[in-house]
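Printed here is coords-v6.txt (compact mmCIF, N, CA and C atoms):
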# COMPACT_ATOMS: atom_id res chain seq x y z
N MET C 283 100.64 83.44 99.83
CA MET C 283 101.00 83.52 98.43
C MET C 283 99.79 83.31 97.53
N VAL C 284 98.93 82.39 97.90
CA VAL C 284 97.75 82.09 97.08
C VAL C 284 96.84 83.31 97.00
N ASN C 285 96.53 83.92 98.14
CA ASN C 285 95.66 85.10 98.14
C ASN C 285 96.32 86.27 97.41
N GLN C 286 97.63 86.41 97.58
CA GLN C 286 98.37 87.47 96.89
C GLN C 286 98.27 87.29 95.38
N ALA C 287 98.51 86.09 94.91
CA ALA C 287 98.45 85.81 93.47
C ALA C 287 97.03 85.99 92.94
N LEU C 288 96.05 85.53 93.69
CA LEU C 288 94.65 85.67 93.26
C LEU C 288 94.27 87.15 93.15
N ALA C 289 94.57 87.92 94.19
CA ALA C 289 94.22 89.35 94.18
C ALA C 289 94.94 90.07 93.04
N ALA C 290 96.24 89.83 92.89
CA ALA C 290 96.99 90.49 91.82
C ALA C 290 96.44 90.12 90.45
N GLY C 291 96.13 88.85 90.25
CA GLY C 291 95.58 88.41 88.97
C GLY C 291 94.25 89.06 88.66
N LEU C 292 93.37 89.12 89.65
CA LEU C 292 92.06 89.75 89.45
C LEU C 292 92.20 91.24 89.15
N LEU C 293 93.06 91.91 89.90
CA LEU C 293 93.24 93.34 89.69
C LEU C 293 93.84 93.63 88.31
N LYS C 294 94.84 92.85 87.93
CA LYS C 294 95.44 93.03 86.60
C LYS C 294 94.42 92.75 85.50
N ARG C 295 93.64 91.71 85.67
CA ARG C 295 92.63 91.37 84.66
C ARG C 295 91.61 92.49 84.50
N ASP C 296 91.36 93.22 85.59
CA ASP C 296 90.42 94.34 85.54
C ASP C 296 91.07 95.63 85.05
N GLY C 297 92.35 95.55 84.64
CA GLY C 297 93.01 96.70 84.04
C GLY C 297 93.84 97.56 84.97
N HIS C 298 94.11 97.10 86.16
CA HIS C 298 94.90 97.88 87.12
C HIS C 298 96.38 97.57 87.00
N ASP C 299 97.20 98.56 87.27
CA ASP C 299 98.64 98.35 87.43
C ASP C 299 98.83 97.88 88.87
N VAL C 300 99.62 96.84 89.06
CA VAL C 300 99.79 96.25 90.39
C VAL C 300 101.27 96.21 90.75
N THR C 301 101.58 96.66 91.95
CA THR C 301 102.92 96.56 92.52
C THR C 301 102.78 95.71 93.77
N ILE C 302 103.63 94.70 93.91
CA ILE C 302 103.56 93.83 95.08
C ILE C 302 104.85 93.96 95.88
N VAL C 303 104.70 94.11 97.18
CA VAL C 303 105.84 94.11 98.09
C VAL C 303 105.63 93.01 99.12
N GLY C 304 106.70 92.61 99.79
CA GLY C 304 106.62 91.46 100.67
C GLY C 304 106.53 91.72 102.15
N ASN C 305 106.61 92.99 102.58
CA ASN C 305 106.53 93.26 104.02
C ASN C 305 106.08 94.70 104.25
N GLY C 306 105.79 95.00 105.52
CA GLY C 306 105.28 96.32 105.86
C GLY C 306 106.26 97.46 105.63
N VAL C 307 107.53 97.22 105.89
CA VAL C 307 108.56 98.25 105.67
C VAL C 307 108.61 98.60 104.18
N ALA C 308 108.57 97.58 103.34
CA ALA C 308 108.59 97.81 101.89
C ALA C 308 107.32 98.51 101.43
N ALA C 309 106.20 98.23 102.07
CA ALA C 309 104.94 98.90 101.72
C ALA C 309 105.02 100.39 102.01
N VAL C 310 105.57 100.75 103.16
CA VAL C 310 105.73 102.16 103.52
C VAL C 310 106.67 102.85 102.54
N ALA C 311 107.77 102.19 102.20
CA ALA C 311 108.74 102.77 101.26
C ALA C 311 108.11 102.94 99.88
N ALA C 312 107.36 101.95 99.42
CA ALA C 312 106.72 102.04 98.10
C ALA C 312 105.69 103.17 98.07
N ALA C 313 104.92 103.29 99.14
CA ALA C 313 103.91 104.35 99.20
C ALA C 313 104.57 105.73 99.21
N ALA C 314 105.70 105.85 99.87
CA ALA C 314 106.40 107.14 99.93
C ALA C 314 107.06 107.49 98.60
N ALA C 315 107.48 106.47 97.86
CA ALA C 315 108.22 106.70 96.62
C ALA C 315 107.33 106.80 95.39
N GLY C 316 106.15 106.25 95.46
CA GLY C 316 105.30 106.20 94.27
C GLY C 316 103.94 106.80 94.51
N HIS C 317 103.16 106.80 93.45
CA HIS C 317 101.78 107.28 93.54
C HIS C 317 100.85 106.08 93.38
N PHE C 318 100.07 105.81 94.40
CA PHE C 318 99.10 104.72 94.36
C PHE C 318 97.74 105.27 94.72
N ASP C 319 96.75 104.91 93.94
CA ASP C 319 95.38 105.30 94.25
C ASP C 319 94.81 104.41 95.34
N ALA C 320 95.29 103.16 95.40
CA ALA C 320 94.81 102.23 96.41
C ALA C 320 95.95 101.31 96.84
N ILE C 321 95.90 100.93 98.09
CA ILE C 321 96.87 99.99 98.64
C ILE C 321 96.09 98.90 99.37
N PHE C 322 96.23 97.66 98.92
CA PHE C 322 95.67 96.53 99.64
C PHE C 322 96.73 96.10 100.64
N MET C 323 96.41 96.18 101.92
CA MET C 323 97.39 95.97 102.98
C MET C 323 97.02 94.76 103.82
N ASP C 324 97.90 93.75 103.77
CA ASP C 324 97.72 92.60 104.64
C ASP C 324 98.00 93.05 106.07
N VAL C 325 97.22 92.60 107.02
CA VAL C 325 97.41 93.00 108.40
C VAL C 325 98.62 92.30 109.01
N GLN C 326 98.85 91.04 108.66
CA GLN C 326 99.97 90.28 109.23
C GLN C 326 101.09 90.19 108.22
N MET C 327 102.15 90.97 108.46
CA MET C 327 103.32 90.95 107.58
C MET C 327 104.57 90.96 108.44
N PRO C 328 105.67 90.48 107.87
CA PRO C 328 106.94 90.54 108.62
C PRO C 328 107.49 91.97 108.65
N GLU C 329 108.36 92.22 109.58
CA GLU C 329 109.10 93.47 109.76
C GLU C 329 108.24 94.61 110.28
N MET C 330 107.03 94.79 109.76
CA MET C 330 106.09 95.80 110.24
C MET C 330 104.70 95.32 109.85
N ASN C 331 103.80 95.24 110.81
CA ASN C 331 102.46 94.74 110.46
C ASN C 331 101.68 95.80 109.68
N GLY C 332 100.58 95.39 109.10
CA GLY C 332 99.79 96.28 108.26
C GLY C 332 99.18 97.46 108.99
N LEU C 333 98.86 97.29 110.26
CA LEU C 333 98.31 98.40 111.03
C LEU C 333 99.35 99.49 111.20
N ASP C 334 100.56 99.09 111.59
CA ASP C 334 101.65 100.07 111.75
C ASP C 334 102.06 100.68 110.41
N ALA C 335 102.08 99.87 109.36
CA ALA C 335 102.44 100.37 108.03
C ALA C 335 101.41 101.40 107.56
N SER C 336 100.14 101.11 107.81
CA SER C 336 99.08 102.06 107.41
C SER C 336 99.22 103.38 108.16
N ALA C 337 99.50 103.30 109.45
CA ALA C 337 99.69 104.52 110.24
C ALA C 337 100.87 105.32 109.71
N ALA C 338 101.96 104.64 109.33
CA ALA C 338 103.14 105.34 108.79
C ALA C 338 102.82 105.97 107.43
N ILE C 339 102.06 105.26 106.60
CA ILE C 339 101.67 105.82 105.30
C ILE C 339 100.78 107.04 105.49
N ARG C 340 99.88 106.98 106.45
CA ARG C 340 99.01 108.13 106.73
C ARG C 340 99.83 109.33 107.22
N ALA C 341 100.79 109.09 108.09
CA ALA C 341 101.63 110.19 108.61
C ALA C 341 102.39 110.84 107.47
N HIS C 342 102.98 110.04 106.60
CA HIS C 342 103.71 110.57 105.44
C HIS C 342 102.74 111.30 104.51
N GLY C 343 101.58 110.73 104.29
CA GLY C 343 100.59 111.33 103.40
C GLY C 343 100.13 112.69 103.89
N ARG C 344 99.93 112.82 105.20
CA ARG C 344 99.53 114.13 105.75
C ARG C 344 100.59 115.19 105.44
N ALA C 345 101.85 114.81 105.57
CA ALA C 345 102.95 115.75 105.29
C ALA C 345 103.01 116.11 103.81
N MET C 346 102.63 115.18 102.95
CA MET C 346 102.73 115.39 101.50
C MET C 346 101.40 115.80 100.86
N GLY C 347 100.32 115.82 101.63
CA GLY C 347 99.01 116.16 101.09
C GLY C 347 98.42 115.05 100.24
N ALA C 348 98.73 113.81 100.56
CA ALA C 348 98.24 112.66 99.79
C ALA C 348 97.42 111.74 100.70
N HIS C 349 96.48 111.04 100.10
CA HIS C 349 95.66 110.09 100.86
C HIS C 349 95.32 108.89 99.97
N PRO C 350 96.29 107.98 99.79
CA PRO C 350 95.93 106.77 99.05
C PRO C 350 94.91 105.97 99.83
N TRP C 351 93.98 105.34 99.14
CA TRP C 351 92.95 104.52 99.75
C TRP C 351 93.61 103.23 100.23
N ILE C 352 93.57 102.95 101.53
CA ILE C 352 94.18 101.74 102.07
C ILE C 352 93.07 100.76 102.44
N ILE C 353 93.17 99.57 101.88
CA ILE C 353 92.16 98.54 102.09
C ILE C 353 92.81 97.38 102.82
N ALA C 354 92.32 97.10 104.01
CA ALA C 354 92.82 95.95 104.76
C ALA C 354 92.44 94.68 104.01
N MET C 355 93.41 93.79 103.89
CA MET C 355 93.17 92.49 103.27
C MET C 355 93.64 91.48 104.30
N THR C 356 92.67 90.86 104.98
CA THR C 356 93.06 90.08 106.15
C THR C 356 92.13 88.91 106.44
N ALA C 357 92.69 87.93 107.09
CA ALA C 357 91.91 86.79 107.57
C ALA C 357 91.29 87.13 108.93
N HIS C 358 91.67 88.27 109.50
CA HIS C 358 91.09 88.70 110.78
C HIS C 358 89.65 89.12 110.53
N ALA C 359 88.73 88.33 110.99
CA ALA C 359 87.32 88.63 110.76
C ALA C 359 86.52 88.55 112.05
N MET C 360 87.20 88.74 113.16
CA MET C 360 86.53 88.73 114.46
C MET C 360 85.92 90.10 114.72
N GLN C 361 84.97 90.13 115.65
CA GLN C 361 84.36 91.39 116.02
C GLN C 361 85.44 92.35 116.51
N GLY C 362 85.45 93.54 116.02
CA GLY C 362 86.43 94.55 116.41
C GLY C 362 87.62 94.66 115.48
N ASP C 363 87.87 93.64 114.64
CA ASP C 363 89.02 93.69 113.73
C ASP C 363 88.86 94.80 112.69
N ARG C 364 87.67 94.92 112.13
CA ARG C 364 87.42 95.98 111.14
C ARG C 364 87.67 97.36 111.77
N GLU C 365 87.18 97.53 112.98
CA GLU C 365 87.32 98.81 113.67
C GLU C 365 88.79 99.13 113.94
N ARG C 366 89.60 98.10 114.32
CA ARG C 366 91.03 98.31 114.54
C ARG C 366 91.72 98.74 113.25
N CYS C 367 91.32 98.14 112.13
CA CYS C 367 91.91 98.51 110.84
C CYS C 367 91.56 99.95 110.48
N LEU C 368 90.32 100.33 110.66
CA LEU C 368 89.90 101.69 110.35
C LEU C 368 90.58 102.69 111.28
N ALA C 369 90.73 102.34 112.55
CA ALA C 369 91.40 103.22 113.51
C ALA C 369 92.87 103.42 113.17
N ALA C 370 93.48 102.44 112.50
CA ALA C 370 94.89 102.55 112.11
C ALA C 370 95.08 103.39 110.86
N GLY C 371 93.99 103.84 110.25
CA GLY C 371 94.09 104.69 109.08
C GLY C 371 93.67 104.02 107.79
N MET C 372 93.20 102.79 107.87
CA MET C 372 92.72 102.11 106.66
C MET C 372 91.32 102.63 106.33
N ASP C 373 90.99 102.61 105.05
CA ASP C 373 89.71 103.15 104.60
C ASP C 373 88.64 102.10 104.38
N ASP C 374 89.06 100.85 104.20
CA ASP C 374 88.11 99.79 103.89
C ASP C 374 88.71 98.47 104.35
N TYR C 375 87.94 97.40 104.20
CA TYR C 375 88.29 96.11 104.77
C TYR C 375 87.77 95.01 103.85
N VAL C 376 88.66 94.10 103.45
CA VAL C 376 88.29 92.94 102.64
C VAL C 376 88.83 91.72 103.36
N SER C 377 87.97 90.76 103.65
CA SER C 377 88.43 89.59 104.37
C SER C 377 88.87 88.49 103.42
N LYS C 378 89.76 87.62 103.94
CA LYS C 378 90.21 86.45 103.20
C LYS C 378 89.30 85.30 103.60
N PRO C 379 89.06 84.35 102.76
CA PRO C 379 89.65 84.22 101.44
C PRO C 379 89.11 85.30 100.49
N ILE C 380 89.95 85.67 99.55
CA ILE C 380 89.63 86.74 98.61
C ILE C 380 88.50 86.31 97.68
N ARG C 381 87.53 87.22 97.53
CA ARG C 381 86.43 87.00 96.59
C ARG C 381 86.43 88.15 95.58
N PRO C 382 86.36 87.83 94.30
CA PRO C 382 86.40 88.89 93.27
C PRO C 382 85.42 90.02 93.52
N ARG C 383 84.21 89.71 93.93
CA ARG C 383 83.20 90.78 94.13
C ARG C 383 83.63 91.73 95.25
N ASP C 384 84.31 91.20 96.28
CA ASP C 384 84.76 92.06 97.38
C ASP C 384 85.87 93.01 96.93
N LEU C 385 86.80 92.49 96.11
CA LEU C 385 87.86 93.36 95.57
C LEU C 385 87.26 94.45 94.70
N ARG C 386 86.35 94.07 93.85
CA ARG C 386 85.73 95.06 92.94
C ARG C 386 84.91 96.09 93.71
N ARG C 387 84.23 95.67 94.77
CA ARG C 387 83.47 96.60 95.60
C ARG C 387 84.41 97.59 96.26
N ALA C 388 85.55 97.11 96.76
CA ALA C 388 86.52 97.98 97.41
C ALA C 388 87.09 99.01 96.43
N ILE C 389 87.38 98.57 95.22
CA ILE C 389 87.89 99.48 94.19
C ILE C 389 86.81 100.50 93.80
N ALA C 390 85.59 100.03 93.64
CA ALA C 390 84.49 100.93 93.26
C ALA C 390 84.26 102.01 94.31
N ALA C 391 84.55 101.71 95.55
CA ALA C 391 84.36 102.68 96.63
C ALA C 391 85.30 103.87 96.50
N ILE C 392 86.38 103.70 95.77
CA ILE C 392 87.33 104.79 95.58
C ILE C 392 86.72 105.87 94.70
N GLY C 393 85.90 105.46 93.75
CA GLY C 393 85.19 106.41 92.92
C GLY C 393 85.97 106.96 91.74
N GLN C 394 86.97 106.21 91.25
CA GLN C 394 87.73 106.65 90.09
C GLN C 394 87.60 105.61 89.00
N PRO C 395 87.69 106.01 87.74
CA PRO C 395 87.66 105.03 86.66
C PRO C 395 88.80 104.03 86.79
N CYS C 396 88.52 102.78 86.49
CA CYS C 396 89.51 101.71 86.65
C CYS C 396 90.81 101.98 85.92
N ALA C 397 90.76 102.54 84.74
CA ALA C 397 91.97 102.75 83.94
C ALA C 397 92.93 103.72 84.60
N GLU C 398 92.44 104.55 85.50
CA GLU C 398 93.29 105.54 86.13
C GLU C 398 93.89 105.07 87.45
N GLN C 399 93.54 103.87 87.87
CA GLN C 399 93.97 103.44 89.19
C GLN C 399 95.26 102.64 89.15
N SER C 400 96.10 102.92 90.09
CA SER C 400 97.31 102.15 90.30
C SER C 400 97.17 101.50 91.66
N ILE C 401 97.45 100.23 91.73
CA ILE C 401 97.19 99.46 92.94
C ILE C 401 98.50 98.90 93.49
N ALA C 402 98.67 98.98 94.77
CA ALA C 402 99.79 98.32 95.44
C ALA C 402 99.21 97.25 96.34
N ALA C 403 99.80 96.09 96.32
CA ALA C 403 99.37 95.02 97.21
C ALA C 403 100.52 94.72 98.15
N ALA C 404 100.31 94.93 99.40
CA ALA C 404 101.32 94.61 100.38
C ALA C 404 100.88 93.34 101.08
N ALA C 405 101.64 92.30 100.93
CA ALA C 405 101.18 91.03 101.46
C ALA C 405 102.34 90.21 101.99
N HIS C 406 102.04 89.43 102.99
CA HIS C 406 103.02 88.50 103.53
C HIS C 406 103.28 87.45 102.46
N PRO C 407 104.54 87.15 102.14
CA PRO C 407 104.84 86.25 101.04
C PRO C 407 104.54 84.79 101.31
N SER C 408 104.17 84.40 102.51
CA SER C 408 103.90 82.99 102.76
C SER C 408 102.44 82.70 102.87

I need this file expressed as structure tokens, please.
Amino acid sequence: MVNQALAAGLLKRDGHDVTIVGNGVAAVAAAAAGHFDAIFMDVQMPEMNGLDASAAIRAHGRAMGAHPWIIAMTAHAMQGDRERCLAAGMDDYVSKPIRPRDLRRAIAAIGQPCAEQSIAAAAHPS
């Protein structure tokens, strides 16, 4: 909850629209129903983990011709964790604890003006 609130607050303060969901199934549904330029995806979530949710979002995106930028947001910082996230279809990786400069770097990598970005944060509620 703390990292979720911190990330959402920083993103909102930087002018982004933020949608928060509490689990991987809800993240997939939100991505399918809405338009998001970026999705911050927690790797450990109930109902469906972030790796599986990212793969499902990518499969749906291929069918619809969409590719939202998915950024792993995780405490997993062991060797190979970044590679597993990228292999699951994520585009970038931000480790916890959340640091403002890391969030801003991840957003800047998308290459769109901040005012045009809509952000979804999928995070475990605990």

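Proximity of C:Asp384, C:Leu368, C:His342, C:Phe322 to Met355 (chain C), computed with only N, CA and C atoms, is greatest for C:Phe322.
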
If I take CA of Phe318 (chain C) and atom C of Ile302 (chain C), how far is one from the other in Å, to one decimal? 12.3 Å

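Close contacts of Ala370 (chain C), defined as residues with an atom at most 9 Å away when counting only C-alpha atoms, with chain neighbours fewer than 3 positions off set aside, comprise Gly332, Leu333, Asp334, Ala335, Ser336, Ala337, Arg340, Glu365, Arg366 and Cys367 of chain C.
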
All alpha helix (DSSP H) residues (DSSP, backbone) inside region 292-392 of chain C, as a ChimeraX atom specification: /C:292-295,306-315,332-346,363-369,382-390

Name the closest residue to Asp299 (chain C) among the candidates C:Ala320, C:Ile353, C:Met372, C:Ile392; distances are taken between atoms, counting only C-alpha atoms. C:Ala320

Using all atoms listed in the file, find the one residue out of C:Gly306, C:Pro350, C:Gly343, C:Pro379 that sits nearest to Ile321 (chain C). C:Pro350

As a PDB file with N, CA and C atoms, in the frame of the given file, list the residues of chain C assigned to strand (DSSP E) by DSSP on the backbone atoms of this structure.
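The result, written out as states_19.pdb:
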ATOM      1  N   ASP C 299      97.200  98.560  87.270  1.00  0.00           N
ATOM      2  CA  ASP C 299      98.640  98.350  87.430  1.00  0.00           C
ATOM      3  C   ASP C 299      98.830  97.880  88.870  1.00  0.00           C
ATOM      4  N   VAL C 300      99.620  96.840  89.060  1.00  0.00           N
ATOM      5  CA  VAL C 300      99.790  96.250  90.390  1.00  0.00           C
ATOM      6  C   VAL C 300     101.270  96.210  90.750  1.00  0.00           C
ATOM      7  N   THR C 301     101.580  96.660  91.950  1.00  0.00           N
ATOM      8  CA  THR C 301     102.920  96.560  92.520  1.00  0.00           C
ATOM      9  C   THR C 301     102.780  95.710  93.770  1.00  0.00           C
ATOM     10  N   ILE C 302     103.630  94.700  93.910  1.00  0.00           N
ATOM     11  CA  ILE C 302     103.560  93.830  95.080  1.00  0.00           C
ATOM     12  C   ILE C 302     104.850  93.960  95.880  1.00  0.00           C
ATOM     13  N   VAL C 303     104.700  94.110  97.180  1.00  0.00           N
ATOM     14  CA  VAL C 303     105.840  94.110  98.090  1.00  0.00           C
ATOM     15  C   VAL C 303     105.630  93.010  99.120  1.00  0.00           C
ATOM     16  N   ALA C 320      95.290 103.160  95.400  1.00  0.00           N
ATOM     17  CA  ALA C 320      94.810 102.230  96.410  1.00  0.00           C
ATOM     18  C   ALA C 320      95.950 101.310  96.840  1.00  0.00           C
ATOM     19  N   ILE C 321      95.900 100.930  98.090  1.00  0.00           N
ATOM     20  CA  ILE C 321      96.870  99.990  98.640  1.00  0.00           C
ATOM     21  C   ILE C 321      96.090  98.900  99.370  1.00  0.00           C
ATOM     22  N   PHE C 322      96.230  97.660  98.920  1.00  0.00           N
ATOM     23  CA  PHE C 322      95.670  96.530  99.640  1.00  0.00           C
ATOM     24  C   PHE C 322      96.730  96.100 100.640  1.00  0.00           C
ATOM     25  N   MET C 323      96.410  96.180 101.920  1.00  0.00           N
ATOM     26  CA  MET C 323      97.390  95.970 102.980  1.00  0.00           C
ATOM     27  C   MET C 323      97.020  94.760 103.820  1.00  0.00           C
ATOM     28  N   ASP C 324      97.900  93.750 103.770  1.00  0.00           N
ATOM     29  CA  ASP C 324      97.720  92.600 104.640  1.00  0.00           C
ATOM     30  C   ASP C 324      98.000  93.050 106.070  1.00  0.00           C
ATOM     31  N   TRP C 351      93.980 105.340  99.140  1.00  0.00           N
ATOM     32  CA  TRP C 351      92.950 104.520  99.750  1.00  0.00           C
ATOM     33  C   TRP C 351      93.610 103.230 100.230  1.00  0.00           C
ATOM     34  N   ILE C 352      93.570 102.950 101.530  1.00  0.00           N
ATOM     35  CA  ILE C 352      94.180 101.740 102.070  1.00  0.00           C
ATOM     36  C   ILE C 352      93.070 100.760 102.440  1.00  0.00           C
ATOM     37  N   ILE C 353      93.170  99.570 101.880  1.00  0.00           N
ATOM     38  CA  ILE C 353      92.160  98.540 102.090  1.00  0.00           C
ATOM     39  C   ILE C 353      92.810  97.380 102.820  1.00  0.00           C
ATOM     40  N   ALA C 354      92.320  97.100 104.010  1.00  0.00           N
ATOM     41  CA  ALA C 354      92.820  95.950 104.760  1.00  0.00           C
ATOM     42  C   ALA C 354      92.440  94.680 104.010  1.00  0.00           C
ATOM     43  N   MET C 355      93.410  93.790 103.890  1.00  0.00           N
ATOM     44  CA  MET C 355      93.170  92.490 103.270  1.00  0.00           C
ATOM     45  C   MET C 355      93.640  91.480 104.300  1.00  0.00           C
ATOM     46  N   THR C 356      92.670  90.860 104.980  1.00  0.00           N
ATOM     47  CA  THR C 356      93.060  90.080 106.150  1.00  0.00           C
ATOM     48  C   THR C 356      92.130  88.910 106.440  1.00  0.00           C
ATOM     49  N   ASP C 374      89.060 100.850 104.200  1.00  0.00           N
ATOM     50  CA  ASP C 374      88.110  99.790 103.890  1.00  0.00           C
ATOM     51  C   ASP C 374      88.710  98.470 104.350  1.00  0.00           C
ATOM     52  N   TYR C 375      87.940  97.400 104.200  1.00  0.00           N
ATOM     53  CA  TYR C 375      88.290  96.110 104.770  1.00  0.00           C
ATOM     54  C   TYR C 375      87.770  95.010 103.850  1.00  0.00           C
ATOM     55  N   VAL C 376      88.660  94.100 103.450  1.00  0.00           N
ATOM     56  CA  VAL C 376      88.290  92.940 102.640  1.00  0.00           C
ATOM     57  C   VAL C 376      88.830  91.720 103.360  1.00  0.00           C
ATOM     58  N   SER C 377      87.970  90.760 103.650  1.00  0.00           N
ATOM     59  CA  SER C 377      88.430  89.590 104.370  1.00  0.00           C
ATOM     60  C   SER C 377      88.870  88.490 103.420  1.00  0.00           C
ATOM     61  N   SER C 400      96.100 102.920  90.090  1.00  0.00           N
ATOM     62  CA  SER C 400      97.310 102.150  90.300  1.00  0.00           C
ATOM     63  C   SER C 400      97.170 101.500  91.660  1.00  0.00           C
ATOM     64  N   ILE C 401      97.450 100.230  91.730  1.00  0.00           N
ATOM     65  CA  ILE C 401      97.190  99.460  92.940  1.00  0.00           C
ATOM     66  C   ILE C 401      98.500  98.900  93.490  1.00  0.00           C
ATOM     67  N   ALA C 402      98.670  98.980  94.770  1.00  0.00           N
ATOM     68  CA  ALA C 402      99.790  98.320  95.440  1.00  0.00           C
ATOM     69  C   ALA C 402      99.210  97.250  96.340  1.00  0.00           C
ATOM     70  N   ALA C 403      99.800  96.090  96.320  1.00  0.00           N
ATOM     71  CA  ALA C 403      99.370  95.020  97.210  1.00  0.00           C
ATOM     72  C   ALA C 403     100.520  94.720  98.150  1.00  0.00           C
ATOM     73  N   ALA C 404     100.310  94.930  99.400  1.00  0.00           N
ATOM     74  CA  ALA C 404     101.320  94.610 100.380  1.00  0.00           C
ATOM     75  C   ALA C 404     100.880  93.340 101.080  1.00  0.00           C
TER      76      ALA C 404
END

Can you measure CA of Gln361 (chain C) to CA of Arg387 (chain C) for me? One decimal in Å is fine.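 Between these atoms lies a distance of 21.1 Å.
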
Residues near Ala357 (chain C), cut-off 7 Å, only N, CA and C atoms, skip fewer than 5 positions along chain, as a list in words: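 Using only N, CA and C atoms, the neighbours found are Val325, Val376, Ser377, Lys378 and Pro379 of chain C.
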
Prev. selection, N, CA and C atoms, output as a PDB file, in the frame of the given file:
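Result saved to part-v7.pdb:
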ATOM      1  N   VAL C 325      97.220  92.600 107.020  1.00  0.00           N
ATOM      2  CA  VAL C 325      97.410  93.000 108.400  1.00  0.00           C
ATOM      3  C   VAL C 325      98.620  92.300 109.010  1.00  0.00           C
ATOM      4  N   VAL C 376      88.660  94.100 103.450  1.00  0.00           N
ATOM      5  CA  VAL C 376      88.290  92.940 102.640  1.00  0.00           C
ATOM      6  C   VAL C 376      88.830  91.720 103.360  1.00  0.00           C
ATOM      7  N   SER C 377      87.970  90.760 103.650  1.00  0.00           N
ATOM      8  CA  SER C 377      88.430  89.590 104.370  1.00  0.00           C
ATOM      9  C   SER C 377      88.870  88.490 103.420  1.00  0.00           C
ATOM     10  N   LYS C 378      89.760  87.620 103.940  1.00  0.00           N
ATOM     11  CA  LYS C 378      90.210  86.450 103.200  1.00  0.00           C
ATOM     12  C   LYS C 378      89.300  85.300 103.600  1.00  0.00           C
ATOM     13  N   PRO C 379      89.060  84.350 102.760  1.00  0.00           N
ATOM     14  CA  PRO C 379      89.650  84.220 101.440  1.00  0.00           C
ATOM     15  C   PRO C 379      89.110  85.300 100.490  1.00  0.00           C
TER      16      PRO C 379
END

Have a look at atom N of Gly371 (chain C) and atom C of Arg295 (chain C) and let me know their distance in Å, one decimal. 28.2 Å

Considering only C-alpha atoms, can you say which of C:Ala391, C:Ile380, C:Ala311, C:Met323 comes closest to Asn285 (chain C)? C:Ile380
